[in-house]
Amino acid sequence: MQELPAQLIRLNATAHSKNDAITQVAGLLATHGYTDPAYLQGMLDRETQANTYLGSGIAIPHGTPDTRHLIRQTGIAVLQLPQGVAWGEGGETVRLVVGIAAASDEHLDLLRRLTRVLADDALVEQLSTTTDPAELQRALTGQASTPTPAAPAAPALAHTAQVTLPNPLGMHARPATALANLVKGRGAQVRLSRENGESANATRMMEVLALGLTRGTTFTVSSDDEATLRAVTDAIRAGLGDDLSAGAATPAARRDPDWVPAQIGAMVEGVPAADGLVVGLTRQHAPKAIEVRDEPGDPVENAAKLDAALKAAAAELEDVIADVGARFGADKAAIFRAHAELLADEGTVQDAVAHVLDGHGAAWAYRQATEGRIAQLQKLDDPTLAGRAVDLSDVQRRVLRHLLGIHEDSAPQAAGPVILLAPDLTPSDTARLGPDSLLGFVTAQGGPTSHTAIIARGLGLPAVVAAGNGLLDVPDGTPAILDGQAGRLYLNPTDADVQSARARQAVLHEQREAARAARHQPGATADGVRVEVAANINRAADAAQALDAGAEGVGLMRTEFLFLERDSVPGEAEQEAEYRAMAAALGDRPLIIRTLDIGGDKEVPYLGLAREDNSFLGLRGIRLCFERPDLFLPQLRAVARVAKDHPNVHLMFPMISTLEDFRRARAILDSVREDVGAPRIPLGVMIEVPSAALIAGELAREVDFFSVGTNDLTQYTLAMDRLHPQLARQTDAMHPAVLKLIALTVDAAEAHGRWVGVCGGAAGDEVGALVLTGLGVKELSVSTPQVPGVKAALRAHRMADLRELAARALAQPDAQAVRDLVRAGGRA
């Protein structure tokens, strides 16, 4: 254990430059006989070769290898600079300078201690300002030169709050990235703590992931800044950018196969990850293991190699992000943005650097720093979070390839695309191999919510995961049929079964192509009854993609996303520009703008809203707008000005529960319209609470249209929080109680010549689309990818049949019975 005598510690010092700080700490070593004064030049030379900044305000200047002969005895000295000094070209500020003079490996214990100190921001702060040298002695060596009272515990962060994680897939890489970026942007300290005592620095993704926070987990957030605490807890409750309905990441549900072989022989069964039926030959894909040997060398050279590899991997990831974004959309690209955050994880890099400074080779150091973290993730109980170990393995392999000069494995070589069999695939494998070389894939490990599975669904590749290690014994070139929907791989099928599968495949392909080819046809039933199929979108930039998919307008523009995706209130002019761009993009197609719908599961950190015990029953939607005219009036003025030039603009108010709510909102709008000289705007209300459905007759006399938000209407009707981990699956909009409220709304609307749309999740579900149409709904507003399929489903049914189906659905005992009825074609 290296000693640190008190005379080698200088507290409350100042330095006007990095070189001055190094000169001072070298002087301490030389004055007390640890080094020759000429050792200073070795420390300065080392700094020109590599930045010795270790992280968190700590630097460790030391000499070059050719100056080790100037070390008389191994020692360390500490220069405390409470005001800090600039260090390096990256804007780092150093407050603790730990000068090292070591002729061999006697300083390694110190470096290990330093990396532990770096992980504790409160301890770093304490050591940077303490007036007691014994605190530095204990922290860096584990002993003090003289007995002293125990050092006071690091000060606790003053502000705390408890939150429950709403994310369907838990705290995985993407929300952890958003959390880290939020905290870094505010410059405050934030920690997350579980009841078992485990805690994590919110800016260190690996620490956060290692907590294993799953949906429904309650944990404590603490910060040294009250406003930051509020911002962070609000952002966590809002999902940190995740879709809290989990629709984008929902795997294919296991259900009875639409097709089965006549003769089922050898079969591998796993978990469905992506729908599709393909016929082809198998090909095993086991990426070559990367062999890493420890090749010690000069720490400066190895540090430079590590730095270059990290930069090359980061640049490569930027290319991947751009490519995946262009091919498959921003949500898939976000997977690789999370990889970039893993790559930059401060704790991982610090550990790797510490190993390099210990004299180890760069590749060995990086593998060592990441291997433990991968193992830690794999041990997490939640399969979704444990699956994120694959993401870190992907990042690790990318960096090691650059360190060792290894090219990426080539795509499987075969006469054509193959059904790939593998122990597991990384997201990079899946995105790189793609549909040109793959028909689909089956993995022995993995899960349906992994990033690999998400990319497979984006590529349209059938996929099965968690099929077991027996899969790896299937020989290359084995004829097979892969059914992603059923989660099955049929081996060595008969010629008759191959022919049957190809026939079924042709039918499925024909259905998809027919839906896409007919996507621009008006939405209608088989007998020509019009049902408009529109899109739910958030920004004007999404309009072109929606129109290309066949959307007949925008049934829901969620204006809160203008507020959610930033850290300040969007200005009136900015809102107007966004609404104007969307209205212009749609031409004469309708644009239904929903006024600000914040509260409940959509909270905005910077608004400083009072925290409520039950936000779903509190100030949300129109209620919040009444309380915050500073938000409501600018939005109404922006909409009204756009409506002067674009008659396709409609407006609707969310969370209307009484007739007075609507009249009050309308009066405010009318006043704004008069001020800006805008015409009358078609005005509607969201039917999201049972009271609104029950007074639909009174509302229908005064509104122009209704739009049913089935997600909220279902949770309020069934008294089940749709974010609750145990109850969420039961909040099905096909429950007869919910359908009866929608039927009441439709009847009231028709009696007064109004129309009803549905913009909730049920509209994009084929069963839901058919039942809602049978109830008399005139517009279905769905996510962009669902538009062609919903139109195709409507074209396959006559309105009279759908009305009969809906009537029978109202008489069913529960949601499952409704779904069974529809899937059976109405036969009970």
# chains A, B, ... in the order shown; residues from 1 in each chain; ligands from 1
>>> residues_around(residues="Val418 in chain A", least_positions_apart="2", cutoff="6 Å", atoms="only C-alpha atoms", output="PyMOL selection string")
chain A and resi 281-282+420+438-439
>>> residues_around(residues="range 172-183 of chain A", least_positions_apart="6", cutoff="9 Å", atoms="only C-alpha atoms", output="PyMOL selection string")
chain A and resi 189-190+201-206+208-209+212-214+228+231-232+235-236+239-242+334-335+337-339+341-342+384-385+388+391
>>> write_last_selection(atoms="C-alpha atoms", output="mmCIF file, in the first residue's frame")
data_model
loop_
_atom_site.group_PDB
_atom_site.id
_atom_site.type_symbol
_atom_site.label_atom_id
_atom_site.label_comp_id
_atom_site.auth_asym_id
_atom_site.auth_seq_id
_atom_site.Cartn_x
_atom_site.Cartn_y
_atom_site.Cartn_z
ATOM 1 C CA GLN A 189 -25.890 16.052 -9.642
ATOM 2 C CA VAL A 190 -28.570 13.360 -9.847
ATOM 3 C CA ASN A 201 -25.087 8.356 -11.135
ATOM 4 C CA ALA A 202 -27.731 9.394 -13.660
ATOM 5 C CA THR A 203 -25.109 10.519 -16.183
ATOM 6 C CA ARG A 204 -23.459 7.088 -16.280
ATOM 7 C CA MET A 205 -25.541 4.833 -18.441
ATOM 8 C CA MET A 206 -23.943 1.581 -17.364
ATOM 9 C CA VAL A 208 -28.239 3.182 -14.518
ATOM 10 C CA LEU A 209 -28.775 0.041 -16.618
ATOM 11 C CA GLY A 212 -32.327 -3.248 -13.475
ATOM 12 C CA LEU A 213 -35.273 -0.845 -13.272
ATOM 13 C CA THR A 214 -38.346 -2.470 -14.803
ATOM 14 C CA THR A 228 -33.341 19.647 -11.788
ATOM 15 C CA ALA A 231 -37.249 18.161 -14.438
ATOM 16 C CA VAL A 232 -35.793 14.671 -14.089
ATOM 17 C CA ALA A 235 -39.135 13.340 -17.646
ATOM 18 C CA ILE A 236 -39.046 9.857 -16.102
ATOM 19 C CA GLY A 239 -41.167 7.944 -20.387
ATOM 20 C CA LEU A 240 -37.872 9.647 -21.332
ATOM 21 C CA GLY A 241 -38.830 9.540 -25.002
ATOM 22 C CA ASP A 242 -40.215 5.986 -24.966
ATOM 23 C CA ALA A 334 -32.290 5.635 -31.969
ATOM 24 C CA ILE A 335 -31.072 2.117 -31.136
ATOM 25 C CA ARG A 337 -27.750 6.439 -30.784
ATOM 26 C CA ALA A 338 -28.025 4.467 -27.564
ATOM 27 C CA HIS A 339 -24.979 2.476 -28.707
ATOM 28 C CA GLU A 341 -24.018 6.636 -25.513
ATOM 29 C CA LEU A 342 -22.780 3.230 -24.342
ATOM 30 C CA THR A 384 -35.683 -7.009 -21.561
ATOM 31 C CA LEU A 385 -32.971 -5.325 -19.530
ATOM 32 C CA ARG A 388 -29.338 -5.051 -23.387
ATOM 33 C CA ASP A 391 -26.100 -4.004 -27.136
#
>>> residues_around(residues="range 585-590 of chain A", least_positions_apart="2", cutoff="8 Å", atoms="only C-alpha atoms", output="ChimeraX atom specification")
/A:540,543-544,547,552-555,581-583,592,647-650
>>> residues_around(residues="Arg237 in chain A", least_positions_apart="3", cutoff="7 Å", atoms="only C-alpha atoms", output="list of chain:residue names")
A:Leu165, A:Pro166, A:Thr233, A:Asp234, A:Asp601
>>> write_last_selection(atoms="N, CA, C and O atoms", output="short mmCIF file (atom, residue, chain, number, x, y, z; two decimals), in the first residue's frame")
data_model
loop_
_atom_site.label_atom_id
_atom_site.label_comp_id
_atom_site.auth_asym_id
_atom_site.auth_seq_id
_atom_site.Cartn_x
_atom_site.Cartn_y
_atom_site.Cartn_z
N LEU A 165 -41.32 3.80 -12.53
CA LEU A 165 -40.95 3.79 -13.94
C LEU A 165 -42.12 3.31 -14.80
O LEU A 165 -42.64 2.22 -14.58
N PRO A 166 -42.55 4.10 -15.80
CA PRO A 166 -43.69 3.70 -16.64
C PRO A 166 -43.30 2.96 -17.91
O PRO A 166 -44.15 2.42 -18.59
N THR A 233 -37.64 14.01 -12.64
CA THR A 233 -38.77 13.14 -12.27
C THR A 233 -39.91 13.28 -13.27
O THR A 233 -40.56 12.29 -13.63
N ASP A 234 -40.15 14.50 -13.74
CA ASP A 234 -41.20 14.67 -14.76
C ASP A 234 -40.84 13.94 -16.04
O ASP A 234 -41.69 13.32 -16.68
N ASP A 601 -49.73 10.97 -18.27
CA ASP A 601 -48.50 10.31 -18.69
C ASP A 601 -47.63 11.21 -19.54
O ASP A 601 -46.57 10.80 -19.99
#
>>> closest_atom_pairs(of="range 505-554 of chain A", to="range 754-761 of chain A", cutoff="9 Å", atoms="only C-alpha atoms", output="CSV")
residue,atom,partner,partner_atom,distance
A:Glu532,CA,A:Gly757,CA,8.7
A:Ala534,CA,A:Cys759,CA,8.8
A:Ala535,CA,A:Cys759,CA,8.4
A:Asn536,CA,A:Cys759,CA,7.0
>>> write_last_selection(atoms="all heavy atoms", output="PDB file, in the first residue's frame")
ATOM      1  N   GLU A 532     -63.202   7.387 -43.544  1.00  0.00           N
ATOM      2  CA  GLU A 532     -61.932   8.064 -43.771  1.00  0.00           C
ATOM      3  C   GLU A 532     -60.847   7.446 -42.891  1.00  0.00           C
ATOM      4  O   GLU A 532     -61.054   7.222 -41.695  1.00  0.00           O
ATOM      5  CB  GLU A 532     -62.083   9.553 -43.442  1.00  0.00           C
ATOM      6  CG  GLU A 532     -60.882  10.387 -43.810  1.00  0.00           C
ATOM      7  CD  GLU A 532     -61.161  11.868 -43.587  1.00  0.00           C
ATOM      8  OE1 GLU A 532     -61.811  12.493 -44.455  1.00  0.00           O
ATOM      9  OE2 GLU A 532     -60.748  12.383 -42.528  1.00  0.00           O
ATOM     10  N   ALA A 534     -57.214   8.256 -41.575  1.00  0.00           N
ATOM     11  CA  ALA A 534     -56.251   9.343 -41.426  1.00  0.00           C
ATOM     12  C   ALA A 534     -55.080   8.874 -40.566  1.00  0.00           C
ATOM     13  O   ALA A 534     -55.037   7.724 -40.119  1.00  0.00           O
ATOM     14  CB  ALA A 534     -56.936  10.561 -40.796  1.00  0.00           C
ATOM     15  N   ALA A 535     -54.134   9.777 -40.332  1.00  0.00           N
ATOM     16  CA  ALA A 535     -52.930   9.425 -39.583  1.00  0.00           C
ATOM     17  C   ALA A 535     -52.805  10.277 -38.325  1.00  0.00           C
ATOM     18  O   ALA A 535     -53.202  11.444 -38.300  1.00  0.00           O
ATOM     19  CB  ALA A 535     -51.683   9.606 -40.451  1.00  0.00           C
ATOM     20  N   ASN A 536     -52.248   9.667 -37.295  1.00  0.00           N
ATOM     21  CA  ASN A 536     -51.856  10.391 -36.083  1.00  0.00           C
ATOM     22  C   ASN A 536     -50.392  10.775 -36.229  1.00  0.00           C
ATOM     23  O   ASN A 536     -49.538   9.884 -36.379  1.00  0.00           O
ATOM     24  CB  ASN A 536     -51.999   9.510 -34.844  1.00  0.00           C
ATOM     25  CG  ASN A 536     -53.424   9.054 -34.600  1.00  0.00           C
ATOM     26  OD1 ASN A 536     -54.368   9.727 -34.972  1.00  0.00           O
ATOM     27  ND2 ASN A 536     -53.573   7.902 -33.956  1.00  0.00           N
TER      28      ASN A 536
END
>>> atom_distance(atom1="CA of Arg504 in chain A", atom2="CA of Ala273 in chain A")
19.8 Å
>>> atom_distance(atom1="CA of Asp20 in chain A", atom2="CA of Ala134 in chain A")
24.8 Å
>>> select_by_dssp(residues="range 178-370 of chain A", states="strand (DSSP E)", output="PDB file with C-alpha atoms, in the first residue's frame")
ATOM      1  CA  VAL A 190     -28.570  13.360  -9.847  1.00  0.00           C
ATOM      2  CA  ARG A 191     -28.603   9.858  -8.408  1.00  0.00           C
ATOM      3  CA  LEU A 192     -31.126   7.036  -8.725  1.00  0.00           C
ATOM      4  CA  SER A 193     -31.461   4.705  -5.726  1.00  0.00           C
ATOM      5  CA  SER A 199     -27.630   3.529  -6.629  1.00  0.00           C
ATOM      6  CA  ALA A 200     -26.358   5.052  -9.852  1.00  0.00           C
ATOM      7  CA  ASN A 201     -25.087   8.356 -11.135  1.00  0.00           C
ATOM      8  CA  THR A 218     -40.426   2.530  -7.608  1.00  0.00           C
ATOM      9  CA  PHE A 219     -37.113   4.206  -6.856  1.00  0.00           C
ATOM     10  CA  THR A 220     -35.725   7.414  -5.393  1.00  0.00           C
ATOM     11  CA  VAL A 221     -34.301  10.279  -7.419  1.00  0.00           C
ATOM     12  CA  SER A 222     -32.077  12.732  -5.555  1.00  0.00           C
ATOM     13  CA  SER A 223     -30.375  15.921  -6.695  1.00  0.00           C
ATOM     14  CA  MET A 267     -39.372 -28.660 -35.626  1.00  0.00           C
ATOM     15  CA  VAL A 268     -37.563 -25.978 -33.629  1.00  0.00           C
ATOM     16  CA  GLU A 269     -39.873 -23.762 -31.582  1.00  0.00           C
ATOM     17  CA  VAL A 271     -40.586 -17.079 -29.223  1.00  0.00           C
ATOM     18  CA  PRO A 272     -42.150 -15.078 -32.086  1.00  0.00           C
ATOM     19  CA  ALA A 273     -40.269 -11.820 -32.687  1.00  0.00           C
ATOM     20  CA  ALA A 274     -41.451 -10.701 -36.144  1.00  0.00           C
ATOM     21  CA  LEU A 277     -43.579 -16.930 -43.569  1.00  0.00           C
ATOM     22  CA  VAL A 278     -40.521 -17.879 -45.649  1.00  0.00           C
ATOM     23  CA  VAL A 279     -39.122 -20.989 -47.314  1.00  0.00           C
ATOM     24  CA  GLY A 280     -35.410 -21.529 -47.806  1.00  0.00           C
ATOM     25  CA  LEU A 281     -32.154 -23.131 -46.743  1.00  0.00           C
ATOM     26  CA  THR A 282     -30.558 -22.674 -43.335  1.00  0.00           C
ATOM     27  CA  ARG A 283     -27.143 -21.181 -42.734  1.00  0.00           C
ATOM     28  CA  GLN A 284     -25.394 -21.124 -39.386  1.00  0.00           C
TER      29      GLN A 284
END
>>> closest_residue(among="A:Leu744, A:Gln41, A:Gly297, A:Ser428", to="Asp319 in chain A", atoms="only C-alpha atoms")
A:Ser428
>>> residues_around(residues="range 629-632 of chain A", least_positions_apart="2", cutoff="10 Å", atoms="only C-alpha atoms", output="number ranges by chain")
A: 569-572, 595-596, 607, 622, 624-627, 634-637, 665, 668-669
>>> atom_distance(atom1="CA of Ser568 in chain A", atom2="CA of Ala238 in chain A")
15.9 Å
>>> residues_around(residues="Arg795 in chain A", least_positions_apart="5", cutoff="6 Å", atoms="only C-alpha atoms", output="ChimeraX atom specification")
/A:524-526
>>> closest_residue(among="A:Ala312, A:Asn492, A:Pro462, A:Arg367", to="Gly405 in chain A", atoms="only C-alpha atoms")
A:Ala312
